[in-house]
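Structure below is final-v9.cif: mmCIF, C-alpha atoms and all ligand atoms.
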```
data_run
#
loop_
_atom_site.label_atom_id
_atom_site.label_comp_id
_atom_site.auth_asym_id
_atom_site.auth_seq_id
_atom_site.Cartn_x
_atom_site.Cartn_y
_atom_site.Cartn_z
CA MET A 1 -5.99 11.44 17.80
CA ALA A 2 -6.98 9.09 15.00
CA SER A 3 -3.98 7.48 13.42
CA MET A 4 -3.46 4.20 11.58
CA LYS A 5 0.18 3.41 12.28
CA ASN A 6 -0.10 1.36 15.46
CA LEU A 7 1.44 -1.87 14.23
CA SER A 8 4.63 -3.21 15.64
CA GLY A 9 6.51 -5.83 13.67
CA SER A 10 10.21 -6.38 13.60
CA ASP A 11 12.36 -4.49 11.17
CA ALA A 12 14.30 -7.68 10.43
CA ALA A 13 11.09 -9.42 9.35
CA LYS A 14 10.13 -6.45 7.16
CA LYS A 15 13.60 -6.34 5.63
CA ASN A 16 13.62 -10.08 4.94
CA ALA A 17 10.34 -9.89 2.99
CA ALA A 18 11.20 -6.68 1.18
CA GLU A 19 14.66 -7.75 0.08
CA LYS A 20 13.57 -11.23 -1.03
CA ALA A 21 10.93 -9.71 -3.31
CA CYS A 22 13.65 -7.69 -5.07
CA GLU A 23 14.81 -10.95 -6.65
CA LEU A 24 11.76 -10.62 -8.94
CA VAL A 25 13.17 -7.42 -10.43
CA THR A 26 15.31 -7.84 -13.53
CA ASP A 27 17.10 -5.62 -16.03
CA GLY A 28 14.90 -3.37 -18.13
CA MET A 29 11.88 -3.46 -15.82
CA ILE A 30 9.60 -0.55 -14.99
CA VAL A 31 8.97 -0.97 -11.26
CA GLY A 32 6.14 0.46 -9.17
CA LEU A 33 7.58 1.61 -5.85
CA GLY A 34 5.17 1.47 -2.91
CA THR A 35 5.12 3.53 0.25
CA GLY A 36 6.03 2.70 3.85
CA SER A 37 8.74 1.33 6.08
CA THR A 38 8.67 -2.22 4.67
CA VAL A 39 8.95 -1.44 0.97
CA ALA A 40 11.59 1.18 1.84
CA HIS A 41 13.92 -1.79 2.36
CA SER A 42 13.19 -2.92 -1.23
CA ILE A 43 13.85 0.58 -2.54
CA ARG A 44 17.18 0.83 -0.72
CA LEU A 45 18.32 -2.56 -2.02
CA LEU A 46 17.25 -1.80 -5.60
CA GLY A 47 19.11 1.49 -5.33
CA ARG A 48 22.26 -0.37 -4.28
CA TRP A 49 21.88 -2.75 -7.22
CA VAL A 50 21.45 0.21 -9.59
CA LYS A 51 24.54 1.97 -8.25
CA GLU A 52 26.83 -0.98 -7.63
CA GLU A 53 25.73 -3.64 -10.10
CA GLY A 54 24.39 -1.54 -12.96
CA LEU A 55 20.81 -2.80 -12.65
CA ASN A 56 18.87 -1.00 -15.35
CA ILE A 57 15.38 -0.16 -14.05
CA VAL A 58 13.10 2.83 -13.81
CA GLY A 59 10.72 3.34 -10.92
CA VAL A 60 7.26 4.83 -10.60
CA PRO A 61 6.78 6.18 -7.07
CA THR A 62 3.45 6.02 -5.22
CA SER A 63 4.00 9.07 -2.99
CA TYR A 64 6.16 12.13 -2.49
CA SER A 65 8.00 10.34 0.32
CA THR A 66 8.81 7.37 -1.93
CA GLU A 67 9.86 9.72 -4.73
CA ALA A 68 12.33 11.38 -2.35
CA LEU A 69 13.67 8.04 -1.11
CA ALA A 70 14.07 6.66 -4.64
CA ILE A 71 15.94 9.78 -5.75
CA GLU A 72 18.18 9.54 -2.67
CA CYS A 73 18.87 5.87 -3.52
CA GLY A 74 19.72 6.66 -7.14
CA ILE A 75 16.78 4.91 -8.82
CA PRO A 76 15.83 6.68 -12.08
CA LEU A 77 12.16 7.60 -12.11
CA THR A 78 9.43 7.88 -14.70
CA SER A 79 5.74 8.69 -14.58
CA LEU A 80 2.59 6.75 -15.42
CA ALA A 81 1.99 9.24 -18.22
CA ALA A 82 5.30 8.24 -19.82
CA SER A 83 5.20 4.56 -18.81
CA PRO A 84 1.59 3.46 -18.34
CA VAL A 85 2.25 -0.29 -18.05
CA LEU A 86 4.60 -1.44 -15.30
CA ASP A 87 6.31 -4.82 -15.17
CA ILE A 88 5.95 -5.17 -11.42
CA ALA A 89 4.81 -3.16 -8.42
CA ILE A 90 6.10 -3.90 -4.92
CA ASP A 91 4.35 -2.45 -1.88
CA GLY A 92 3.69 -3.00 1.80
CA ALA A 93 0.34 -3.59 3.53
CA ASP A 94 -1.29 -3.04 6.89
CA GLN A 95 -3.01 -6.43 6.96
CA VAL A 96 -3.13 -9.37 4.58
CA ASP A 97 -5.02 -12.67 4.58
CA ALA A 98 -4.35 -16.12 3.12
CA SER A 99 -6.39 -15.29 -0.01
CA LEU A 100 -3.98 -12.40 -0.70
CA ASN A 101 -6.56 -9.73 0.10
CA ALA A 102 -5.01 -6.75 1.82
CA ILE A 103 -5.79 -3.54 3.64
CA LYS A 104 -3.51 -0.67 2.76
CA GLY A 105 -3.40 3.06 3.36
CA GLY A 106 -1.74 3.33 6.75
CA GLY A 107 0.48 5.93 5.15
CA ALA A 108 -2.46 7.60 3.36
CA ALA A 109 -0.98 6.69 -0.02
CA HIS A 110 -3.49 4.02 -1.05
CA THR A 111 -5.00 5.91 -3.98
CA ARG A 112 -1.72 6.24 -5.85
CA GLU A 113 -0.69 2.80 -4.59
CA LYS A 114 -3.80 1.26 -6.12
CA ILE A 115 -3.30 3.09 -9.41
CA VAL A 116 0.29 1.85 -9.58
CA ALA A 117 -0.61 -1.70 -8.46
CA SER A 118 -3.37 -1.83 -11.08
CA SER A 119 -1.00 -0.60 -13.78
CA ALA A 120 1.44 -3.43 -13.12
CA LYS A 121 1.54 -6.84 -14.75
CA GLN A 122 2.38 -8.25 -11.33
CA PHE A 123 1.54 -6.73 -7.94
CA VAL A 124 3.61 -8.05 -5.05
CA ILE A 125 3.00 -7.32 -1.36
CA VAL A 126 5.80 -7.40 1.18
CA ALA A 127 4.87 -7.60 4.86
CA ASP A 128 6.15 -8.84 8.18
CA ASP A 129 4.35 -11.72 9.86
CA LYS A 130 2.46 -9.42 12.28
CA LYS A 131 0.45 -8.16 9.31
CA PHE A 132 -0.79 -11.63 8.41
CA SER A 133 -4.27 -12.45 9.69
CA SER A 134 -6.81 -15.22 9.13
CA ILE A 135 -9.44 -12.52 8.49
CA LEU A 136 -9.20 -8.84 7.62
CA ASP A 137 -10.49 -6.76 10.53
CA ARG A 138 -8.47 -3.54 10.57
CA SER A 139 -10.12 -0.24 9.68
CA VAL A 140 -10.23 0.43 5.97
CA PRO A 141 -8.59 3.74 5.01
CA THR A 142 -10.57 5.71 2.46
CA GLU A 143 -9.44 8.85 0.65
CA VAL A 144 -12.28 11.33 0.46
CA LEU A 145 -12.84 14.70 -1.17
CA PRO A 146 -13.18 17.20 1.71
CA TYR A 147 -16.39 18.45 0.06
CA ALA A 148 -17.96 14.99 0.40
CA VAL A 149 -16.96 13.98 3.94
CA LYS A 150 -20.43 14.15 5.50
CA LEU A 151 -22.05 12.22 2.67
CA VAL A 152 -19.35 9.54 2.82
CA GLU A 153 -19.76 9.24 6.61
CA ARG A 154 -23.51 8.65 6.18
CA GLU A 155 -22.96 6.05 3.45
CA ILE A 156 -20.37 4.21 5.55
CA LEU A 157 -22.87 4.08 8.43
CA LYS A 158 -25.44 2.54 6.05
CA LEU A 159 -22.86 -0.15 5.22
CA GLY A 160 -22.57 -0.95 8.95
CA GLY A 161 -19.27 0.86 9.51
CA THR A 162 -18.10 3.75 11.61
CA CYS A 163 -15.48 6.22 10.52
CA THR A 164 -12.98 8.68 11.89
CA VAL A 165 -11.30 11.49 10.03
CA ARG A 166 -7.57 10.81 10.31
CA THR A 167 -5.50 13.42 12.15
CA GLY A 168 -2.14 13.43 13.81
CA THR A 169 0.69 14.30 11.47
CA GLY A 170 1.96 17.37 13.29
CA LYS A 171 -0.68 19.71 11.93
CA ASP A 172 -3.98 20.59 13.52
CA GLY A 173 -7.04 19.07 11.89
CA PRO A 174 -7.28 16.36 9.25
CA ILE A 175 -4.21 15.05 7.52
CA ILE A 176 -4.08 15.93 3.82
CA THR A 177 -3.08 13.30 1.26
CA ASP A 178 -0.64 13.85 -1.63
CA ASN A 179 -3.79 14.44 -3.71
CA GLY A 180 -5.17 17.14 -1.40
CA ASN A 181 -7.89 15.02 0.22
CA PHE A 182 -8.89 13.74 3.68
CA VAL A 183 -8.55 10.18 4.96
CA LEU A 184 -11.48 8.51 6.71
CA ASP A 185 -10.58 5.31 8.55
CA CYS A 186 -13.65 3.07 8.42
CA ALA A 187 -14.16 0.21 10.87
CA PHE A 188 -16.41 -2.67 9.79
CA GLY A 189 -15.30 -5.38 12.23
CA GLN A 190 -14.48 -8.64 10.47
CA ILE A 191 -14.57 -8.27 6.70
CA LYS A 192 -15.86 -11.58 5.36
CA GLU A 193 -16.06 -10.50 1.71
CA PRO A 194 -13.35 -7.90 1.05
CA ALA A 195 -14.02 -7.61 -2.70
CA LEU A 196 -17.74 -7.04 -2.12
CA LEU A 197 -17.11 -4.36 0.50
CA GLY A 198 -14.59 -2.76 -1.83
CA ASP A 199 -17.17 -2.63 -4.62
CA LYS A 200 -19.70 -0.98 -2.30
CA LEU A 201 -17.18 1.60 -1.14
CA SER A 202 -16.23 2.39 -4.75
CA ARG A 203 -19.83 3.40 -5.44
CA ILE A 204 -19.92 6.19 -2.83
CA PRO A 205 -19.74 9.62 -4.51
CA GLY A 206 -16.74 11.62 -3.29
CA LEU A 207 -14.92 8.55 -1.99
CA VAL A 208 -11.86 8.70 -4.21
CA GLU A 209 -10.36 5.33 -3.28
CA HIS A 210 -10.43 2.72 -0.53
CA GLY A 211 -7.65 0.63 0.92
CA ILE A 212 -8.97 -2.86 0.12
CA PHE A 213 -6.62 -4.46 -2.41
CA THR A 214 -7.61 -7.77 -4.00
CA ASN A 215 -5.16 -7.96 -6.91
CA ALA A 216 -1.88 -9.15 -5.39
CA ALA A 217 -0.25 -11.95 -7.34
CA MET A 218 2.13 -12.77 -4.49
CA VAL A 219 2.66 -11.90 -0.85
CA TYR A 220 6.10 -12.16 0.71
CA VAL A 221 5.61 -12.68 4.45
CA GLY A 222 8.78 -11.96 6.39
CA TYR A 223 9.73 -13.56 9.68
CA GLU A 224 12.85 -12.92 11.80
CA ASN A 225 14.80 -15.59 9.95
CA ARG A 226 12.82 -16.67 6.89
CA VAL A 227 10.36 -15.61 4.22
CA GLU A 228 7.19 -17.36 3.16
CA VAL A 229 5.85 -16.69 -0.35
CA LEU A 230 2.10 -16.93 -0.93
CA ARG A 231 0.95 -17.14 -4.54
CA ARG A 232 -2.51 -16.46 -5.91
CA LYS A 233 -4.20 -19.69 -6.94
CA MET A 234 -5.28 -19.60 -10.58
O1 LIG B 301 -0.37 1.26 2.53
C1 LIG B 301 0.63 1.84 2.89
C2 LIG B 301 0.81 3.31 2.78
O2 LIG B 301 -0.38 3.92 2.37
C3 LIG B 301 1.78 1.08 3.44
O3 LIG B 301 2.26 0.22 2.45
C4 LIG B 301 1.30 0.32 4.64
O4 LIG B 301 0.78 1.25 5.58
C5 LIG B 301 2.42 -0.48 5.29
O5 LIG B 301 3.36 0.39 5.83
P1 LIG B 301 4.59 -0.15 6.67
O6 LIG B 301 5.40 -1.00 5.75
O7 LIG B 301 5.31 1.09 7.14
O8 LIG B 301 4.05 -0.95 7.84
#
```

Go through the file and emit its structure as structure tokens.
Amino acid sequence: MASMKNLSGSDAAKKNAAEKACELVTDGMIVGLGTGSTVAHSIRLLGRWVKEEGLNIVGVPTSYSTEALAIECGIPLTSLAASPVLDIAIDGADQVDASLNAIKGGGAAHTREKIVASSAKQFVIVADDKKFSSILDRSVPTEVLPYAVKLVEREILKLGGTCTVRTGTGKDGPIITDNGNFVLDCAFGQIKEPALLGDKLSRIPGLVEHGIFTNAAMVYVGYENRVEVLRRKM
């Protein structure tokens, strides 16, 4: 079984990071809502603020699961078609380095996550300390048109990587993304130049999107009893 979600990390550390980042959200904002167990803590807290304190925000979800959670939490939603520029996007990550580069896509939502992150004036990552690494070396999730899988596999090999079609969500065969595509997890070993690798992946026909994110303005790293905030150097 090929699956990405093999990270531990304490829920308290995730919650600390996710809730601290909510302090960036103010009245009137359009907020990109990421996907995963860490940012779910942000969504629940924002929902409480909407219900109990009258916080006036609208969210743009990055997946069907986040849409359902946001609705359950009482956060009004809009779409990118109606609200193309977001004030902030908050999302989790699978691995992040000191230069604020990140690997995302453990939940197979990285295509919509990247669209939302890129539509925001400020993209903020929330992660527990286990996700922080001196160098990115996890597999890079890629979303791939089923029609193009063999071509993408060959191109990844040419780039020095190996890839596995992701399975393991309770259905036989490949998992299917919210956009109807496959996920190929691509291992490259240590990624010394994440932006360069990202550019090369973006040029492969049929590869819809990859999980290397290089546009975070801030990363909130949560520990059991504190939060460290990393800011992009200008
Ligand atoms: O990129 C993602 C989904 O595609 C998630 O943000 C990432 O996998 C982190 O998830 P979690 O907070 O559950 O560890």

Residues within 9 Å of ligand LIG 301 (chain B), counting all atoms listed in the file, as a PyMOL selection string: chain A and resi 4-9+14+34-40+62-63+91-95+103-113+125-128+131+141+211

Which distance in Å separates CA of Ser65 in chain A and CA of Leu33 in chain A, to one decimal?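 Rounded to one decimal, the two atoms are 10.7 Å apart.
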
Which one of A:Ile212, A:Val183, A:Ala70, A:Ala82 sits closest to Asp97 in chain A if you count only C-alpha atoms?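 Smallest separation from Asp97 in chain A among the options: A:Ile212.
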
Take the point (9.0, -4.2, -12.2) in the file's coordinates, draw a sphere of radius 10 Å around it, and report as a compact mmCIF listing (two decimals) with C-alpha atoms, in the frame of the given file every protein, DNA or RNA residue with an atom inside or on it, counting only C-alpha atoms.
```
# COMPACT_ATOMS: atom_id res chain seq x y z
CA CYS A 22 13.65 -7.69 -5.07
CA LEU A 24 11.76 -10.62 -8.94
CA VAL A 25 13.17 -7.42 -10.43
CA THR A 26 15.31 -7.84 -13.53
CA ASP A 27 17.10 -5.62 -16.03
CA GLY A 28 14.90 -3.37 -18.13
CA MET A 29 11.88 -3.46 -15.82
CA ILE A 30 9.60 -0.55 -14.99
CA VAL A 31 8.97 -0.97 -11.26
CA GLY A 32 6.14 0.46 -9.17
CA LEU A 33 7.58 1.61 -5.85
CA ILE A 57 15.38 -0.16 -14.05
CA VAL A 58 13.10 2.83 -13.81
CA GLY A 59 10.72 3.34 -10.92
CA VAL A 60 7.26 4.83 -10.60
CA VAL A 85 2.25 -0.29 -18.05
CA LEU A 86 4.60 -1.44 -15.30
CA ASP A 87 6.31 -4.82 -15.17
CA ILE A 88 5.95 -5.17 -11.42
CA ALA A 89 4.81 -3.16 -8.42
CA ILE A 90 6.10 -3.90 -4.92
CA ALA A 120 1.44 -3.43 -13.12
CA LYS A 121 1.54 -6.84 -14.75
CA GLN A 122 2.38 -8.25 -11.33
CA PHE A 123 1.54 -6.73 -7.94
CA VAL A 124 3.61 -8.05 -5.05
```

Using only C-alpha atoms, find the one residue out of A:Gly47, A:Asn56, A:Ala195, A:Val140 that sits nearest to Glu72 in chain A.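 Result for the nearest residue to Glu72 in chain A: A:Gly47.
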
Residue nearest Met234 in chain A among A:Thr167, A:Ala12, A:Phe188, A:Ser99 (counting all atoms listed in the file):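 Looking only at the distances to Met234 in chain A, the closest residue turns out to be A:Ser99.
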
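If you count only C-alpha atoms and ignore residues fewer than 5 places along the chain from Leu230 in chain A, what sits within 12 Å of it is Ala17, Ala21, Val96, Asp97, Ala98, Ser99, Leu100, Asn101, Val124, Ile125, Val126, Ala127, Phe132, Ala216, Ala217, Met218, Val219, Tyr220, Val221 and Gly222 of chain A.
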
Could you check how far CA of Thr142 in chain A sits from CA of Asp199 in chain A, in Å to one decimal?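 It comes out at 12.8 Å.
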
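Straight-line separation from CA of His210 in chain A to CA of Leu196 in chain A: 12.3 Å.
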
Neighbour list for Val165 in chain A as JSON, numbers by chain, cut-off 8 Å, only C-alpha atoms, skip fewer than 2 positions in-chain: {"A": [2, 163, 167, 174, 182, 183, 184, 185]}

Where is the centre and how long are the edges: axis-aligned box on range 213-218 of chain A, 3 Å on each side, Å to one decimal, as lines of an AutoDock Vina configuration file:
```
center_x = -2.7
center_y = -8.6
center_z = -4.9
size_x = 15.7
size_y = 14.3
size_z = 10.9
```

At a cut-off of 10 Å around the point (-18.8, -2.2, 0.9) (file coordinates), what residues fall inside when counting only C-alpha atoms? I'd like the answer as a ChimeraX atom specification. /A:155-156,158-161,188,191,193-204,210,212
